[in-house]
file query_9.tsv (TSV, C-alpha atoms)
chain	number	residue	atom	x	y	z
F	17	MET	CA	-24.74	-4.88	34.74
F	18	GLY	CA	-27.59	-2.71	33.44
F	19	LYS	CA	-27.65	-0.49	36.51
F	20	GLU	CA	-23.90	0.16	36.44
F	21	GLU	CA	-24.03	0.97	32.74
F	22	CYS	CA	-26.88	3.41	33.29
F	23	LYS	CA	-25.05	5.09	36.17
F	24	THR	CA	-21.92	5.47	34.04
F	25	MET	CA	-23.88	6.97	31.14
F	26	LEU	CA	-25.76	9.32	33.43
F	27	ASP	CA	-22.53	10.36	35.15
F	28	ALA	CA	-21.05	11.24	31.76
F	29	LEU	CA	-24.11	13.33	30.86
F	30	ASN	CA	-24.02	15.19	34.18
F	31	LYS	CA	-20.36	16.09	33.73
F	32	VAL	CA	-20.83	17.35	30.17
F	33	THR	CA	-23.85	19.47	31.15
F	34	ALA	CA	-21.81	20.89	34.05
F	35	CYS	CA	-19.03	21.82	31.61
F	36	TYR	CA	-21.60	23.42	29.32
F	37	ARG	CA	-22.95	25.54	32.17
F	38	HIS	CA	-19.41	26.64	33.02
F	39	LEU	CA	-18.89	27.76	29.42
F	40	VAL	CA	-22.22	29.61	29.26
F	41	ILE	CA	-21.13	31.75	32.23
F	42	ALA	CA	-18.29	33.18	30.10
F	43	LEU	CA	-20.64	34.35	27.33
F	44	GLY	CA	-20.80	38.13	27.00
F	45	SER	CA	-17.77	38.60	29.24
F	46	THR	CA	-14.22	39.60	28.32
F	47	SER	CA	-13.49	35.86	28.03
F	48	ASP	CA	-15.97	35.57	25.15
F	49	SER	CA	-14.47	34.66	21.79
F	50	GLN	CA	-14.99	32.70	18.60
F	51	ASN	CA	-13.29	29.71	20.24
F	52	LEU	CA	-15.77	29.84	23.13
F	53	ARG	CA	-18.70	29.80	20.72
F	54	GLU	CA	-17.28	26.71	19.03
F	55	GLU	CA	-16.66	25.07	22.42
F	56	LEU	CA	-20.28	25.70	23.38
F	57	LYS	CA	-21.51	24.19	20.12
F	58	ARG	CA	-19.45	21.02	20.49
F	59	THR	CA	-20.24	20.58	24.18
F	60	ARG	CA	-24.01	20.88	23.81
F	61	LYS	CA	-24.00	18.47	20.86
F	62	LYS	CA	-22.04	16.00	23.00
F	63	ALA	CA	-24.63	16.47	25.76
F	64	GLN	CA	-27.47	15.78	23.34
F	65	GLU	CA	-25.81	12.61	22.08
F	66	LEU	CA	-25.43	11.36	25.65
F	67	ALA	CA	-29.04	12.36	26.40
F	68	VAL	CA	-30.34	10.24	23.51
F	69	ALA	CA	-28.26	7.27	24.69
F	70	ASN	CA	-29.54	7.65	28.26
F	71	ARG	CA	-33.14	7.95	27.13
F	72	THR	CA	-32.95	4.87	24.91
F	73	LYS	CA	-31.34	2.73	27.61
F	74	LEU	CA	-33.58	3.78	30.50
F	75	THR	CA	-36.77	3.64	28.44
F	76	ALA	CA	-36.08	0.06	27.41
F	77	LEU	CA	-35.33	-1.00	30.99
F	78	LEU	CA	-38.39	0.70	32.51
F	79	LYS	CA	-40.67	-0.90	29.92
F	80	ASP	CA	-39.33	-4.34	30.78
F	81	LYS	CA	-42.02	-6.13	32.82
F	82	THR	CA	-39.65	-8.85	34.01
F	83	ILE	CA	-37.33	-6.70	36.16
F	84	SER	CA	-37.57	-6.93	39.93
F	85	LYS	CA	-39.23	-4.33	42.13
F	86	ASP	CA	-35.90	-3.14	43.54
F	87	ASP	CA	-34.38	-2.78	40.07
F	88	ARG	CA	-37.40	-0.81	38.88
F	89	ALA	CA	-37.11	1.54	41.86
F	90	GLU	CA	-33.44	2.14	41.03
F	91	TYR	CA	-34.15	2.77	37.33
F	92	GLU	CA	-36.93	5.19	38.25
F	93	ARG	CA	-34.50	7.06	40.49
F	94	LEU	CA	-31.99	7.28	37.63
F	95	TRP	CA	-34.80	8.43	35.32
F	96	VAL	CA	-35.62	11.33	37.65
F	97	LEU	CA	-31.95	12.33	37.78
F	98	PHE	CA	-31.79	12.12	33.99
F	99	SER	CA	-34.89	14.31	33.62
F	100	SER	CA	-33.40	16.90	35.99
F	101	SER	CA	-30.18	16.98	33.99
F	102	MET	CA	-32.17	17.53	30.78
F	103	GLU	CA	-34.09	20.40	32.33
F	104	LEU	CA	-30.83	22.09	33.34
F	105	LEU	CA	-29.43	21.59	29.84
F	106	GLU	CA	-32.51	23.16	28.29
F	107	VAL	CA	-32.30	26.16	30.63
F	108	ASP	CA	-28.62	26.71	29.82
F	109	MET	CA	-29.23	26.39	26.09
F	110	LYS	CA	-31.93	29.07	26.26
F	111	ARG	CA	-29.61	31.29	28.30
F	112	SER	CA	-26.86	30.77	25.75
F	113	LEU	CA	-29.24	31.81	22.96
F	114	GLU	CA	-30.31	34.99	24.74
F	115	ILE	CA	-26.78	36.09	25.63
F	116	GLY	CA	-25.48	35.16	22.18
F	117	GLN	CA	-28.12	37.38	20.58
F	118	ASP	CA	-27.26	40.26	22.91
F	119	PHE	CA	-23.49	39.95	22.34
F	120	PRO	CA	-22.79	39.14	18.67
F	121	LEU	CA	-19.06	38.85	17.91
F	122	LYS	CA	-18.98	39.64	14.20
F	123	VAL	CA	-20.85	42.95	14.51
F	124	PRO	CA	-20.56	43.98	18.18
F	125	THR	CA	-23.48	46.07	19.42
F	126	ARG	CA	-22.28	46.53	23.00
F	127	HIS	CA	-19.14	46.22	25.07
F	128	LEU	CA	-18.28	42.92	26.68
F	129	ILE	CA	-18.84	42.81	30.44
F	130	GLN	CA	-15.85	42.82	32.78
F	131	THR	CA	-16.85	40.00	35.09
F	132	GLY	CA	-13.43	39.32	36.57
F	133	MET	CA	-13.09	36.02	34.70
F	134	THR	CA	-9.76	35.63	32.92
F	135	GLY	CA	-8.05	32.97	30.89
F	136	SER	CA	-9.21	30.45	28.33
F	137	THR	CA	-12.07	27.96	28.64
F	138	THR	CA	-10.30	25.40	26.48
F	139	THR	CA	-9.52	23.08	29.40
F	140	VAL	CA	-13.17	22.82	30.41
F	141	ALA	CA	-14.26	22.15	26.83
F	142	ALA	CA	-11.56	19.49	26.42
F	143	ARG	CA	-12.87	17.70	29.52
F	144	ALA	CA	-16.36	17.67	28.11
F	145	MET	CA	-15.15	16.27	24.78
F	146	SER	CA	-12.72	13.78	26.40
F	147	VAL	CA	-9.77	15.04	24.38
F	148	GLN	CA	-6.32	16.30	25.31
F	149	ASN	CA	-6.36	19.38	23.06
F	150	MET	CA	-9.19	21.20	21.33
F	151	LYS	CA	-8.92	21.79	17.58
F	152	TYR	CA	-10.86	24.79	16.28
F	153	GLU	CA	-12.29	24.67	12.78
F	154	ALA	CA	-15.30	27.01	12.89
F	155	ASP	CA	-15.82	29.90	10.48
F	156	SER	CA	-15.69	33.52	11.56
F	157	ASN	CA	-19.50	33.79	11.41
F	158	ILE	CA	-20.11	31.00	13.92
F	159	ASP	CA	-21.85	33.34	16.36
F	160	THR	CA	-24.65	34.09	13.90
F	161	ALA	CA	-24.88	30.73	12.11
F	162	ASP	CA	-24.78	28.77	15.34
F	163	LEU	CA	-27.65	30.74	16.87
F	164	ARG	CA	-30.00	29.38	14.20
F	165	ASP	CA	-28.86	25.84	14.95
F	166	LEU	CA	-29.22	26.49	18.67
F	167	GLN	CA	-32.85	27.54	18.27
F	168	THR	CA	-33.59	24.30	16.43
F	169	GLU	CA	-31.78	22.20	19.03
F	170	ILE	CA	-33.69	23.84	21.88
F	171	SER	CA	-36.93	22.80	20.20
F	172	GLN	CA	-35.58	19.27	19.78
F	173	VAL	CA	-34.62	19.01	23.46
F	174	SER	CA	-38.05	20.30	24.51
F	175	GLN	CA	-39.73	17.75	22.23
F	176	MET	CA	-37.53	14.98	23.63
F	177	MET	CA	-38.57	15.85	27.18
F	178	GLU	CA	-42.25	15.79	26.22
F	179	GLU	CA	-41.85	12.39	24.59
F	180	MET	CA	-40.04	11.11	27.68
F	181	GLU	CA	-42.99	12.05	29.88
F	182	MET	CA	-45.41	10.27	27.55
F	183	LYS	CA	-43.37	7.07	27.13
F	184	VAL	CA	-42.43	6.56	30.77
F	185	GLN	CA	-44.77	7.47	33.62
F	186	VAL	CA	-42.53	8.14	36.62
F	187	ALA	CA	-43.76	10.43	39.39
F	188	PRO	CA	-40.73	12.34	40.78
F	189	TRP	CA	-42.36	12.77	44.21
F	190	ALA	CA	-42.79	8.99	44.52
F	191	VAL	CA	-39.08	8.24	44.02
F	192	GLU	CA	-37.08	7.81	47.21
F	193	ALA	CA	-33.56	9.22	47.49
F	194	LYS	CA	-30.70	6.83	48.21
F	195	GLN	CA	-28.83	9.28	50.45
F	196	GLU	CA	-29.41	12.39	52.52
F	197	ALA	CA	-29.53	15.79	50.86
F	198	GLY	CA	-26.04	17.24	50.42
F	199	ALA	CA	-24.31	13.95	51.20
F	200	GLU	CA	-22.27	14.17	48.00
F	201	LEU	CA	-20.79	17.46	49.20
F	202	LYS	CA	-19.46	15.81	52.34
F	203	SER	CA	-17.84	12.90	50.54
F	204	ASN	CA	-14.58	13.00	48.60
F	205	MET	CA	-14.88	13.85	44.91
F	206	SER	CA	-13.92	11.05	42.54
F	207	VAL	CA	-13.62	10.77	38.79
F	208	GLY	CA	-15.85	7.71	38.65
F	209	ASN	CA	-16.14	5.22	35.82
F	210	SER	CA	-16.74	7.76	33.09
F	211	SER	CA	-13.95	8.84	30.75
F	212	VAL	CA	-15.27	12.38	30.87
F	213	GLY	CA	-13.29	14.58	33.23
F	214	VAL	CA	-14.84	16.47	36.10
F	215	ILE	CA	-14.56	20.10	37.03
F	216	SER	CA	-12.24	20.26	39.98
F	217	ILE	CA	-13.18	22.03	43.18
F	218	CYS	CA	-10.95	23.71	45.68
F	219	GLU	CA	-10.04	21.68	48.69
F	220	GLU	CA	-10.87	23.05	52.09
F	221	GLU	CA	-8.05	24.74	53.93
F	222	PRO	CA	-6.70	22.71	56.86
F	223	LYS	CA	-8.10	23.76	60.21
F	224	GLU	CA	-5.80	24.91	62.96
F	225	GLU	CA	-5.32	22.70	65.96
F	226	GLU	CA	-7.79	23.67	68.64
F	227	GLY	CA	-5.32	23.67	71.53
F	228	GLY	CA	-2.44	25.55	69.88
F	229	GLY	CA	-4.61	28.14	68.15
F	230	GLY	CA	-6.63	28.97	71.28
F	231	SER	CA	-3.61	29.37	73.59
F	232	SER	CA	-1.79	31.59	71.09
F	233	LYS	CA	-4.76	33.93	70.76
F	234	GLY	CA	-5.18	34.10	74.55
F	235	PHE	CA	-1.51	34.99	75.10
F	236	ALA	CA	-1.65	37.70	72.44
F	237	SER	CA	-4.73	39.25	74.08
F	238	ILE	CA	-3.01	39.38	77.50
F	239	CYS	CA	0.07	41.04	76.01
F	240	ALA	CA	-2.08	43.65	74.29
F	241	VAL	CA	-3.82	44.53	77.57
F	242	ILE	CA	-0.49	44.86	79.42
F	243	VAL	CA	0.95	47.14	76.71
F	244	PHE	CA	-2.17	49.30	76.85
F	245	PHE	CA	-1.90	49.85	80.61
F	246	ILE	CA	1.82	50.65	80.32
F	247	ILE	CA	1.08	53.33	77.73
F	248	VAL	CA	-1.69	54.83	79.86
F	249	PHE	CA	0.53	54.84	82.96
F	250	ALA	CA	3.37	56.52	81.07
F	251	ALA	CA	1.01	59.17	79.73
F	252	LEU	CA	-0.23	59.97	83.26
F	253	ILE	CA	3.31	60.36	84.57
F	254	LEU	CA	4.29	62.66	81.71
F	255	GLY	CA	1.17	64.77	82.27
F	256	TYR	CA	1.91	65.07	85.98
F	257	LEU	CA	5.51	66.18	85.32
F	258	VAL	CA	4.41	68.78	82.73
F	259	ILE	CA	1.87	70.27	85.16
F	260	ASN	CA	4.39	70.55	88.04
F	261	MET	CA	7.12	72.07	85.85
F	262	SER	CA	4.76	74.76	84.58
call {"tool": "encode", "arguments": {"input": "query_9.tsv", "output": "structure tokens"}}
result
Amino acid sequence: MGKEECKTMLDALNKVTACYRHLVIALGSTSDSQNLREELKRTRKKAQELAVANRTKLTALLKDKTISKDDRAEYERLWVLFSSSMELLEVDMKRSLEIGQDFPLKVPTRHLIQTGMTGSTTTVAARAMSVQNMKYEADSNIDTADLRDLQTEISQVSQMMEEMEMKVQVAPWAVEAKQEAGAELKSNMSVGNSSVGVISICEEEPKEEEGGGGSSKGFASICAVIVFFIIVFAALILGYLVINMS
């Protein structure tokens, strides 16, 4: 029961941090707006809440001396995944701070960048918050006020990671993976047990049948060669006639 609960909590954290990264990409672009800044604020706070819950649960389990060797190995693996997710969140929060400072909304100092991204980011934010529709309540000065809060939260996340390393001694290089690298990319995507939605990915286009596609291409190549020789032959005949008539 403990392992499944930890996996569900970690899955929720991973999905929210993925949504946060998706939102950070839109900062400073023509998709940037006051709503995006509020979405970023809510999403990162949700990620931090999930991070605290994951840390509390995993720390208690790893400090338990009565768990079996196999259970400890599994919890250590989940701890490494959790630490990696926290590192990514910290990196994205710092990136959000830098871009937010370079592209203030209230007093613009430079033009927004045309990145090719269009449309609203509301759907992604709603997935992270597990709601149907986002309700926006932030003030017009959110881009400046939120940057101060973001600086404080970055320090809190960094402090949390330092405390994690001191409380639980888990060597990442000693943890064995449960599957081959890239195996999750080969398997079908699923929503999982978490109520947090996932960012959808495009399905691969169906491949053409090997027999039908190959024969069609071969026939087209033969026809092209025949047409080419007919044109050349006609050109030679016309040239011969023109020379004799002159």
call {"tool": "atom_distance", "arguments": {"input": "query_9.tsv", "atom1": "atom CA of Ala89 of chain F", "atom2": "atom CA of Cys35 of chain F"}}
result
29.0 Å
call {"tool": "closest_residue", "arguments": {"input": "query_9.tsv", "among": "F:Leu104, F:Met176, F:Val184, F:Val40", "to": "Leu78 of chain F", "atoms": "all atoms listed in the file"}}
result
F:Val184
call {"tool": "closest_residue", "arguments": {"input": "query_9.tsv", "among": "F:Lys57, F:Lys81, F:Arg164, F:Lys183", "to": "Tyr36 of chain F", "atoms": "all atoms listed in the file"}}
result
F:Lys57
call {"tool": "residues_around", "arguments": {"input": "query_9.tsv", "residues": "Trp95 of chain F", "least_positions_apart": "5", "cutoff": "12 Å", "atoms": "only C-alpha atoms", "output": "number ranges by chain"}}
result
F: 19, 22-23, 25-26, 67, 70-78, 88-90, 100-102, 177, 180-181, 183-188, 191
call {"tool": "closest_residue", "arguments": {"input": "query_9.tsv", "among": "F:His38, F:Lys110, F:Lys85, F:Arg58", "to": "Ser174 of chain F", "atoms": "all atoms listed in the file"}}
result
F:Lys110
call {"tool": "atom_distance", "arguments": {"input": "query_9.tsv", "atom1": "atom CA of Asn51 of chain F", "atom2": "atom CA of Gln117 of chain F"}}
result
16.7 Å
call {"tool": "closest_residue", "arguments": {"input": "query_9.tsv", "among": "F:Val241, F:Glu103, F:Glu153, F:Leu128", "to": "Gln175 of chain F", "atoms": "all atoms listed in the file"}}
result
F:Glu103
call {"tool": "atom_distance", "arguments": {"input": "query_9.tsv", "atom1": "atom CA of Glu92 of chain F", "atom2": "atom CA of Lys79 of chain F"}}
result
11.0 Å
call {"tool": "closest_residue", "arguments": {"input": "query_9.tsv", "among": "F:Glu106, F:Val123, F:Phe98, F:Asp118", "to": "Ser171 of chain F", "atoms": "only C-alpha atoms"}}
result
F:Glu106
call {"tool": "closest_residue", "arguments": {"input": "query_9.tsv", "among": "F:Leu121, F:Ala141, F:Ile242, F:Ala63", "to": "Gly44 of chain F", "atoms": "only C-alpha atoms"}}
result
F:Leu121
